[in-house]
Every structure is written in C-alpha cells, then in structure tokens.
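A.B. asks: Quick one: structure below, then a few questions.
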Amino acid sequence: MSEQKTNPEQNRRIRVLVAKPGLDGHDRGAKVVARALRDAGMEVIYTGLRQTPEMIAEAALQEDVDVVGLSILSGAHMALAPRVLELLKANGQEQVKVFIGGIIPDEDLPRLKEMGVAGVYGPGASTEDIIREVKEAGTG
Amino acid sequence: MGLVEEILSGNRLALTRLLTQVENDTTEGRSALTELFPHTGSAHLIGVTGAPGTGKSSLVNQLALHFRKQEDRRVAIVAVDPSSPFTGGAVLGDRVRMRDLAGDPGVFIRSMASRGSLGGLAQATAGLVQVFDAAGFDVILIETVGAGQSEVDVARLAHTTLVVEAPGLGDDIQAIKAGILEIADILVVNKADRPGVENTLNALKSTLELAHPVRHVFQHHGVQEVVEIPDAPTYNSWIPPIQKTVATEGTGVPELAAEIARHAEHLRQSGDWAARERSRLGSELDAMLQEMLVTRFRESVPEARYEEVLERVFQRDLAPWEAVKILLNGNVK
C-alpha cells in the first residue's frame with residue numbers, strides 16, 4: 001500500500017466543463033450529469049445558466065479541461081455547438097472533446113458528428129454510458 | 001520559445017497547461033516552478049475564507065471587478081472546492097458566481113478540487129499561486145473551500161486574509177472560539193441587508209475588543225479615570241476592521257478594497273510583509289522537506305519489511321511508536 005505521491009498519472013483527474021449555453025433555464029439535466037461524473041471520480045466545473053459560446057470557450061481554456069459537456073434544450077444546438085468547437089480550436093484546444101446532452105432531433109446527429117461533436121445524449125440516456133464515454137474521451 | 005518564456009510573455013494556453021502540470025505535481029511542473037521562482041514575489045495575495053454559503057465567491061467576483069475597473073490591476077482567482085472523500089471526484093461551482101468577469105483578458109479564474117487536503121486549500125494551491133505571480137498578475141484572490149473553524153492554511157499563504165461571515169450563523173460563543181476568526185486581517189459581514197446583521201456585528205466587535213483592548217476614559221465618582229492598555233504595542237499593531245457588504249449588489253465593496261489597500265500598506269510599513277513572506281516560505285520548505293524525506297525513507301525500506309512491521313502493529317504486538325523506532329533504526333527486533 002505504498003503511495004507514490006509524485007506519480008503524475010495517479011494525480012491526474014479528468015476535468016470536465018459542464019456548461020449551459022443559450023437561453024433556456026432548465027439545468028436539471030446538466031446537474032444530474034455533473035453529479036454522475038463527480039461520483040465517477042472526475043472533477044466537474046459547473047458554469048451555471050445562460051453562457052455564451054465565448055464564455056464557455058474561455059472557461060474551458062482557464063480550467064484546462066479534457067471534455068466539454070453542453071446541455072442544450074432550446075433547439076439552438078446547430079448554431080451553438082459549431083461556435084463552441086470553432087472557439088476551442090481558435091484557442092488551441094482542438095483536442096478537447098465536446099459532448100451534447102438535451103433535446104436533439106435525430107436528423108441533426110450526422111451533421112453534429114461531422115462537425116466534431118464526440119457524442120450526443122437525449123432524454124433517457126443512461127448515466128453509465130455517459131460516464132464510460134466521457135472517461136474514454138478524457139483519458140484518450 | 002520555452003514554456004517559461006511563454007508564461008512570462010502572457011500565453012494563456014501555456015499558462016493553463018502549466019497550472020495543470022503543477023496541480024498534478026509532475027516533473028515538468030516542478031522544473032517550471034523552479035525556473036519561475038525568481039519572477040515571483042510581486043503580487044498581493046488575498047485569501048478569502050468563511051463558512052459555506054456566506055458569499056465568498058460573490059465577494060471575490062465583486063472585488064475582482066473593482067480591481068479591474070477602478071485600479072486597472074490584473075487579477076487571478078484560485079477557487080478551491082472540496083473533493084469527494086470516497087470517489088475523489090468534485091463539482092467545482094465557484095465560477096457560477098463569477099460570470100461578470102467573463103470576457104476580460106485581465107482576469108484568469110482557475111477552479112481547484114481540494115484533493116484530500118483538510119486545511120481549506122489543496123496541496124498544490126501555493127504552486128498555482130506562484131505561477132500566477134510569475135505570470136504578472138498583480139492581485140491573486142485565493143478562495144478556500146467553505147471553511148468551518150480550523151481551516152486556516154490560507155492565512156499562511158496570503159498576505160491579507162478576509163474572513164467572511166453572514167448574519168445568523170452563530171452566537172458570541174462561536175466568535176470567541178479559537179480558529180478562523182483569529183486569522184482575519186479583515187472581517188467581512190456579507191449579506192448585510194439581512195435581518196440579524198447588528199447581532200453579528202456586535203458579536204464580532206466584542207471579540208475584537210477582547211483581543212485588542214482599547215484605552216478607556218470614564219467618569220467614576222466625578223473623577224476622570226483612564227484605563228491604559230497593558231503593554232500597549234504602539235507600533236506594528238493591526239486591529240482587524242469589520243466591513244459590511246452586500247456582495248450581490250456590490251455594496252461596501254469599494255470600502256472593502258480600501259481596507260485591503262490599507263492593510264497592504266500597513267504590512268509594508270511595519271515590515272510584516274517581509275516577515276509573512278519569510279514564514280510562508282519557511283512552512284512551504286518544511287512541507288516539501290517532510291514529503292521528500294518520507295518518500296526517500298520509504299524507498300529505502302523494503303516493502304516486505306514495512307509490511308512485516310505493519311502486521312506486527314496490526315497484531316498489537318508493537319505499538320506505533322515502537323514501529324517507527326524500529327523502522328528508523330533499521331534493526332529487526
């Protein structure tokens with residue numbers, strides 16, 4: 001049971017930004033996911049409601065996160081998601097994986113994937129799936 | 001350009017990546033800290049502590065706004081929230097209260113999980129503060145986890161420590177207990193628009209008077225009597241002021257910033273600034289020595305031997321102090 005205090009791999013924690021862009025005020029889902037990721041041992045930075053893509057990218061940079069989770073229930077995902085991806089890239093954080101949770105119509109999925117969104121979770125998605133995929137994205 | 005030059009020239013991507021290295025205590029992080037060290041020592045480190053829900057994050061938000069708008073100083077914020085003792089995970093939510101600072105390149109906010117430390121800060125907080133200091137931030141606000149009574153590490157790290165209270169959290173017995181109130185350079189009574197604020201103010205005032213007796217002049221049977229302060233320190237004495245604020249509206253924040261400036265001036269005039277720096281560096285050095293010595297020692301003891309001694313302690317065959325002696329002296333008993 002010897003503890004290697006300076007072992008960086010052991011010290012490393014997956015850092016996830018959970019953000020709510022756009023104008024809808026429903027953050028129950030975001031909080032459920034934040035809590036689930038916390039319980040899976042990750043460090044989750046929660047930003048609160050009504051964030052602009054600029055604010056999200058800035059927070060992702062300052063917090064040096066591995067993963068960004070966007071919770072979007074307003075239907076504006078086809079405008080918000082590409083803007084966040086673009087800003088992350090402009091900041092030199094193209095390696096950061098972006099996930100979306102919320103109400104996303106099936107027909108938008110291929111285009112979101114094309115843009116570089118790593119995963120999309122609708123209502124009824126299991127937290128086990130989310131945890132597993134975020135973990136993979138964060139360690140990869 | 002090397003990492004250190006990138007940091008000194010203000011590259012935010014390099015800065016954020018270095019903060020992660022330092023937080024994870026990697027070899028790169030340690031060597032960068034070594035190189036950056038000569039560039040540290042000019043920032044004013046302000047600690048903000050207090051019980052959960054007293055409004056620390058909102059106050060930090062308002063103070064940072066003030067330093068940016070009124071004083072044009074660059075501000076870094078290190079906000080610590082607790083890690084789960086079971087999973088090691090954390091939800092870091094201090095940014096929620098700091099949205100007014102978004103979009104300002106003169107502000108850098110970094111959230112940290114406490115990762116098992118119990119003193120209100122994380123083990124790597126001092127390292128992160130050093131990086132910000134070297135990167136040229138003028139003010140570094142350090143927000144602790146919601147602290148109860150003995151999370152006082154921040155006072156060792158900061159030049160100026162604010163202890164934030166709010167109405168309705170405790171009576172005057174809470175106020176005379178040892179611990180968090182003693183480390184305050186400035187006491188802030190936040191949420192001062194709430195009922196009960198006078199009680200909180202009075203309790204804090206009487207606590208301060210116990211610690212800092214004042215000269216009393218009064219009439220006794222028509223004779224003017226003076227009670228002098230015993231051994232009054234005429235120099236070097238700082239009596240913590242109490243400042244009322246309503247952080248959500250910014251009320252009292254300019255006055256609080258003025259008290260912070262007055263405290264910094266006092267530290268410089270009295271020589272306490274240097275004294276605090278010295279004792280802080282001393283305790284950091286001690287902590288590092290301890291860690292290194294323990295690591296080095298554990299490497300020198302074969303795992304099997306350690307387990308054997310531990311087993312004997314477990315069997316109540318050896319007391320822990322005897323075990324330590326045996327391990328340190330290296331002779332099998």
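Residue numbering restarts at 1 for every chain of the structure tokens, chains are lettered A, B, ... in their displayed order, and ligands are numbered from 1 as they appear.
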Specify as a VMD selection string all residues of chain A found within 10 Å of chain B, counting only C-alpha atoms.

C.D. replies: chain A and resid 1 to 18 31 34 to 52 54 to 56 58 to 65 91 to 93

A.B. asks: Write the residues you've just listed into a file as a short mmCIF file (atom, residue, chain, number, x, y, z; two decimals), in the first residue's frame, and include N, CA and C atoms for each of them.

C.D. replies:
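Generated output (again-v9.cif):
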```cif
data_model
loop_
_atom_site.label_atom_id
_atom_site.label_comp_id
_atom_site.auth_asym_id
_atom_site.auth_seq_id
_atom_site.Cartn_x
_atom_site.Cartn_y
_atom_site.Cartn_z
N MET A 1 0.84 -1.22 0.00
CA MET A 1 0.00 0.00 0.00
C MET A 1 0.87 1.26 0.00
N SER A 2 2.00 1.23 -0.70
CA SER A 2 2.83 2.44 -0.71
C SER A 2 2.26 3.43 -1.70
N GLU A 3 2.20 4.67 -1.26
CA GLU A 3 1.60 5.71 -2.11
C GLU A 3 2.67 6.51 -2.80
N GLN A 4 2.64 6.54 -4.13
CA GLN A 4 3.61 7.33 -4.87
C GLN A 4 3.05 8.72 -5.08
N LYS A 5 3.45 9.63 -4.23
CA LYS A 5 2.82 10.94 -4.24
C LYS A 5 3.14 11.77 -5.47
N THR A 6 4.26 11.46 -6.11
CA THR A 6 4.63 12.28 -7.25
C THR A 6 4.33 11.60 -8.57
N ASN A 7 3.51 10.58 -8.53
CA ASN A 7 3.15 9.91 -9.77
C ASN A 7 2.08 10.69 -10.51
N PRO A 8 2.46 11.37 -11.62
CA PRO A 8 1.52 12.27 -12.27
C PRO A 8 0.28 11.55 -12.80
N GLU A 9 0.44 10.33 -13.26
CA GLU A 9 -0.73 9.63 -13.80
C GLU A 9 -1.76 9.38 -12.71
N GLN A 10 -1.24 9.12 -11.49
CA GLN A 10 -2.17 8.89 -10.39
C GLN A 10 -2.81 10.20 -9.94
N ASN A 11 -2.01 11.29 -10.03
CA ASN A 11 -2.53 12.58 -9.60
C ASN A 11 -3.52 13.16 -10.60
N ARG A 12 -3.43 12.71 -11.84
CA ARG A 12 -4.24 13.30 -12.88
C ARG A 12 -5.71 12.93 -12.70
N ARG A 13 -6.56 13.91 -12.86
CA ARG A 13 -8.01 13.67 -12.81
C ARG A 13 -8.59 14.19 -14.11
N ILE A 14 -9.61 13.50 -14.61
CA ILE A 14 -10.28 14.01 -15.80
C ILE A 14 -11.07 15.25 -15.40
N ARG A 15 -10.85 16.33 -16.14
CA ARG A 15 -11.57 17.58 -15.85
C ARG A 15 -12.61 17.83 -16.93
N VAL A 16 -13.83 18.07 -16.50
CA VAL A 16 -14.95 18.24 -17.43
C VAL A 16 -15.64 19.57 -17.16
N LEU A 17 -15.88 20.34 -18.20
CA LEU A 17 -16.68 21.55 -18.05
C LEU A 17 -18.11 21.22 -18.44
N VAL A 18 -19.04 21.44 -17.52
CA VAL A 18 -20.46 21.25 -17.86
C VAL A 18 -21.08 22.63 -18.00
N LYS A 31 -27.18 19.22 -14.12
CA LYS A 31 -26.76 18.93 -12.74
C LYS A 31 -26.70 17.42 -12.49
N ALA A 34 -23.52 16.30 -14.06
CA ALA A 34 -22.36 16.79 -13.29
C ALA A 34 -22.15 15.90 -12.07
N ARG A 35 -23.25 15.59 -11.40
CA ARG A 35 -23.18 14.76 -10.20
C ARG A 35 -22.69 13.34 -10.53
N ALA A 36 -23.21 12.80 -11.64
CA ALA A 36 -22.81 11.43 -12.02
C ALA A 36 -21.32 11.38 -12.35
N LEU A 37 -20.83 12.39 -13.04
CA LEU A 37 -19.40 12.41 -13.39
C LEU A 37 -18.54 12.58 -12.13
N ARG A 38 -19.03 13.40 -11.21
CA ARG A 38 -18.34 13.55 -9.93
C ARG A 38 -18.22 12.20 -9.23
N ASP A 39 -19.35 11.48 -9.19
CA ASP A 39 -19.34 10.19 -8.50
C ASP A 39 -18.46 9.16 -9.21
N ALA A 40 -18.16 9.44 -10.48
CA ALA A 40 -17.24 8.56 -11.20
C ALA A 40 -15.80 9.02 -11.02
N GLY A 41 -15.58 9.99 -10.13
CA GLY A 41 -14.22 10.39 -9.79
C GLY A 41 -13.65 11.52 -10.63
N MET A 42 -14.49 12.18 -11.41
CA MET A 42 -13.97 13.27 -12.25
C MET A 42 -14.15 14.61 -11.55
N GLU A 43 -13.38 15.60 -12.00
CA GLU A 43 -13.54 16.96 -11.49
C GLU A 43 -14.38 17.74 -12.48
N VAL A 44 -15.55 18.15 -12.03
CA VAL A 44 -16.52 18.78 -12.92
C VAL A 44 -16.62 20.26 -12.60
N ILE A 45 -16.35 21.09 -13.57
CA ILE A 45 -16.51 22.53 -13.38
C ILE A 45 -17.87 22.92 -13.94
N TYR A 46 -18.72 23.46 -13.08
CA TYR A 46 -20.06 23.81 -13.50
C TYR A 46 -20.16 25.32 -13.65
N THR A 47 -20.71 25.77 -14.79
CA THR A 47 -20.64 27.21 -15.08
C THR A 47 -21.93 27.96 -14.81
N GLY A 48 -23.05 27.24 -14.68
CA GLY A 48 -24.31 27.94 -14.50
C GLY A 48 -25.00 28.22 -15.82
N LEU A 49 -26.11 28.92 -15.71
CA LEU A 49 -27.01 29.10 -16.86
C LEU A 49 -26.56 30.20 -17.81
N ARG A 50 -27.13 30.17 -19.00
CA ARG A 50 -27.08 31.26 -19.98
C ARG A 50 -25.66 31.70 -20.31
N GLN A 51 -24.87 30.72 -20.73
CA GLN A 51 -23.50 31.02 -21.12
C GLN A 51 -23.42 31.23 -22.63
N THR A 52 -22.63 32.19 -23.04
CA THR A 52 -22.38 32.34 -24.47
C THR A 52 -21.27 31.36 -24.86
N GLU A 54 -18.61 32.07 -26.24
CA GLU A 54 -17.35 32.73 -25.87
C GLU A 54 -17.01 32.45 -24.41
N MET A 55 -18.02 32.56 -23.54
CA MET A 55 -17.78 32.31 -22.11
C MET A 55 -17.37 30.85 -21.89
N ILE A 56 -18.00 29.95 -22.62
CA ILE A 56 -17.71 28.52 -22.45
C ILE A 56 -16.28 28.21 -22.88
N GLU A 58 -13.80 30.29 -23.04
CA GLU A 58 -12.88 30.94 -22.11
C GLU A 58 -12.72 30.09 -20.84
N ALA A 59 -13.85 29.59 -20.32
CA ALA A 59 -13.79 28.74 -19.12
C ALA A 59 -13.02 27.45 -19.42
N ALA A 60 -13.24 26.87 -20.59
CA ALA A 60 -12.56 25.63 -20.95
C ALA A 60 -11.05 25.85 -20.98
N LEU A 61 -10.65 27.03 -21.46
CA LEU A 61 -9.22 27.35 -21.52
C LEU A 61 -8.65 27.53 -20.12
N GLN A 62 -9.32 28.38 -19.32
CA GLN A 62 -8.79 28.68 -17.98
C GLN A 62 -8.74 27.43 -17.11
N GLU A 63 -9.68 26.53 -17.33
CA GLU A 63 -9.74 25.33 -16.48
C GLU A 63 -8.98 24.16 -17.08
N ASP A 64 -8.43 24.32 -18.27
CA ASP A 64 -7.68 23.27 -18.96
C ASP A 64 -8.42 21.93 -18.90
N VAL A 65 -9.65 21.92 -19.37
CA VAL A 65 -10.46 20.70 -19.28
C VAL A 65 -10.14 19.74 -20.42
N ASN A 91 -8.52 28.74 -29.75
CA ASN A 91 -7.71 28.88 -28.54
C ASN A 91 -6.62 27.83 -28.44
N GLY A 92 -6.54 26.94 -29.42
CA GLY A 92 -5.52 25.90 -29.37
C GLY A 92 -5.96 24.67 -28.60
N GLN A 93 -7.26 24.55 -28.36
CA GLN A 93 -7.76 23.40 -27.58
C GLN A 93 -8.55 22.43 -28.45
#
```

A.B. asks: Mind listing the strand (DSSP E or B) residues of segment 42-290 of chain B, per DSSP on the backbone, as a ChimeraX atom specification?

C.D. replies: /B:44-50,75-81,90-92,107-113,139-143,160-165,186-189,216-220,223-227,242-244,246,251

A.B. asks: So which one's closest to Val309 of chain B, B:Gly50, B:Gly330, B:Gly282, B:Gly10? Using only C-alpha atoms, please.

C.D. replies: B:Gly330

A.B. asks: Check the DSSP output for the backbone and give back, as a list in words, the residues of segment 11-51 of chain A in helix (DSSP H, G or I).

C.D. replies: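 Of segment 11-51 of chain A, only Asn11, Arg28, Gly29, Ala30, Lys31, Val32, Val33, Ala34, Arg35, Ala36, Leu37, Arg38 and Asp39 of chain A fall in helix (DSSP H, G or I).
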
A.B. asks: Figure out the distance between atom CA of Glu165 of chain B and atom CA of Asn190 of chain B, please, to one decimal in Å.

C.D. replies: 6.0 Å

A.B. asks: Please list as a short mmCIF file (atom, residue, chain, number, x, y, z; two decimals) with C-alpha atoms, in the first residue's frame every residue within 12 Å of Leu109 of chain A, counting only C-alpha atoms and excluding residues in the same chain fewer than 3 positions away.

C.D. replies:
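Result went into result-v1.cif, see below:
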```cif
data_model
loop_
_atom_site.label_atom_id
_atom_site.label_comp_id
_atom_site.auth_asym_id
_atom_site.auth_seq_id
_atom_site.Cartn_x
_atom_site.Cartn_y
_atom_site.Cartn_z
CA HIS A 77 -27.67 23.37 -30.96
CA MET A 78 -26.93 23.74 -34.67
CA ALA A 81 -22.25 23.68 -30.99
CA PHE A 99 -20.47 16.19 -25.84
CA ILE A 100 -24.05 17.42 -26.08
CA GLY A 101 -26.99 16.49 -23.91
CA ILE A 103 -33.29 17.55 -26.97
CA ILE A 104 -31.52 16.90 -30.25
CA PRO A 105 -33.55 15.67 -33.27
CA ASP A 106 -32.15 12.51 -34.90
CA LEU A 112 -23.11 17.28 -35.42
CA LYS A 113 -20.79 14.24 -35.67
CA GLU A 114 -19.32 15.71 -38.82
CA MET A 115 -18.57 18.96 -37.07
CA GLY A 116 -16.61 17.02 -34.47
CA VAL A 117 -19.09 16.51 -31.63
CA ALA A 118 -17.95 13.37 -29.80
CA GLY A 119 -21.33 12.22 -28.53
CA VAL A 120 -24.98 13.22 -28.18
CA TYR A 121 -27.29 12.13 -25.37
CA GLY A 122 -31.05 12.57 -25.45
#
```

A.B. asks: Can you pull out every residue within 6 Å of Ile77 of chain B, counting only C-alpha atoms, but drop anything in the same chain fewer than 5 positions away, and send it as a list of chain:residue names?

C.D. replies: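 That gives B:Ile109, B:Ile140, B:Leu141, B:Ile142.
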
A.B. asks: Hey, can you spit out that residue selection with N, CA and C atoms as a PDB file, in the first residue's frame?

C.D. replies:
```pdb
ATOM      1  N   ILE B 109      -9.468  32.849 -14.055  1.00  0.00           N
ATOM      2  CA  ILE B 109     -10.087  32.109 -12.953  1.00  0.00           C
ATOM      3  C   ILE B 109      -9.738  30.635 -13.077  1.00  0.00           C
ATOM      4  N   ILE B 140      -3.856  38.314  -6.525  1.00  0.00           N
ATOM      5  CA  ILE B 140      -4.306  36.920  -6.614  1.00  0.00           C
ATOM      6  C   ILE B 140      -5.278  36.666  -5.465  1.00  0.00           C
ATOM      7  N   LEU B 141      -6.515  36.399  -5.834  1.00  0.00           N
ATOM      8  CA  LEU B 141      -7.552  36.111  -4.842  1.00  0.00           C
ATOM      9  C   LEU B 141      -7.626  34.606  -4.663  1.00  0.00           C
ATOM     10  N   ILE B 142      -7.495  34.151  -3.422  1.00  0.00           N
ATOM     11  CA  ILE B 142      -7.497  32.718  -3.140  1.00  0.00           C
ATOM     12  C   ILE B 142      -8.737  32.407  -2.316  1.00  0.00           C
TER      13      ILE B 142
END
```

A.B. asks: Counting only C-alpha atoms, what is within 9 Å of Thr125 of chain B, bar same-chain residues fewer than 4 positions away, as a list in words?

C.D. replies: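 So, after excluding close chain neighbours, the residues are Glu23, Val78, Val80, Met112, Ser114, Leu121, Val129, Gln130, Ile142 and Leu157 of chain B.
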
A.B. asks: Residues near segment 238-242 of chain B, anyone? I mean within 9 Å using only C-alpha atoms, not counting same-chain ones fewer than 5 positions away, as an NGL selection string.

C.D. replies: :B and (184-189 or 201 or 204-205 or 208 or 211-212 or 259 or 263 or 266)

A.B. asks: Using only C-alpha atoms, please write the residues we just selected to a file, as a compact mmCIF listing (two decimals), in the first residue's frame.

C.D. replies:
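What landed in part_11.txt:
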```txt
# COMPACT_ATOMS: atom_id res chain seq x y z
CA ALA B 184 -8.70 37.52 9.93
CA ASP B 185 -6.89 40.65 8.83
CA ILE B 186 -10.25 42.00 7.74
CA LEU B 187 -13.64 40.72 8.88
CA VAL B 188 -16.40 40.96 6.32
CA VAL B 189 -20.04 40.74 7.28
CA LEU B 201 -21.56 42.91 14.08
CA LEU B 204 -17.53 40.31 16.18
CA LYS B 205 -16.83 43.70 17.72
CA LEU B 208 -12.10 42.03 18.65
CA ALA B 211 -8.16 40.56 21.57
CA HIS B 212 -7.32 44.24 21.19
CA GLU B 259 -9.29 48.38 3.75
CA HIS B 263 -3.68 46.52 5.15
CA HIS B 266 0.42 48.55 6.93
```

A.B. asks: Which polymer residues have any atom within 10 Å of an atom of Ala64 of chain B, counting only C-alpha atoms, with same-chain residues fewer than 3 positions away left out, as number ranges by chain?

C.D. replies: B: 58-61, 67-70, 73-77, 98, 100-101, 106-107, 139-141, 257

A.B. asks: I need the residue nearest Ala90 of chain A from this list: A:Val134, A:Val33, A:Ala19, A:Ala57. Use only C-alpha atoms for the distance.

C.D. replies: A:Ala57
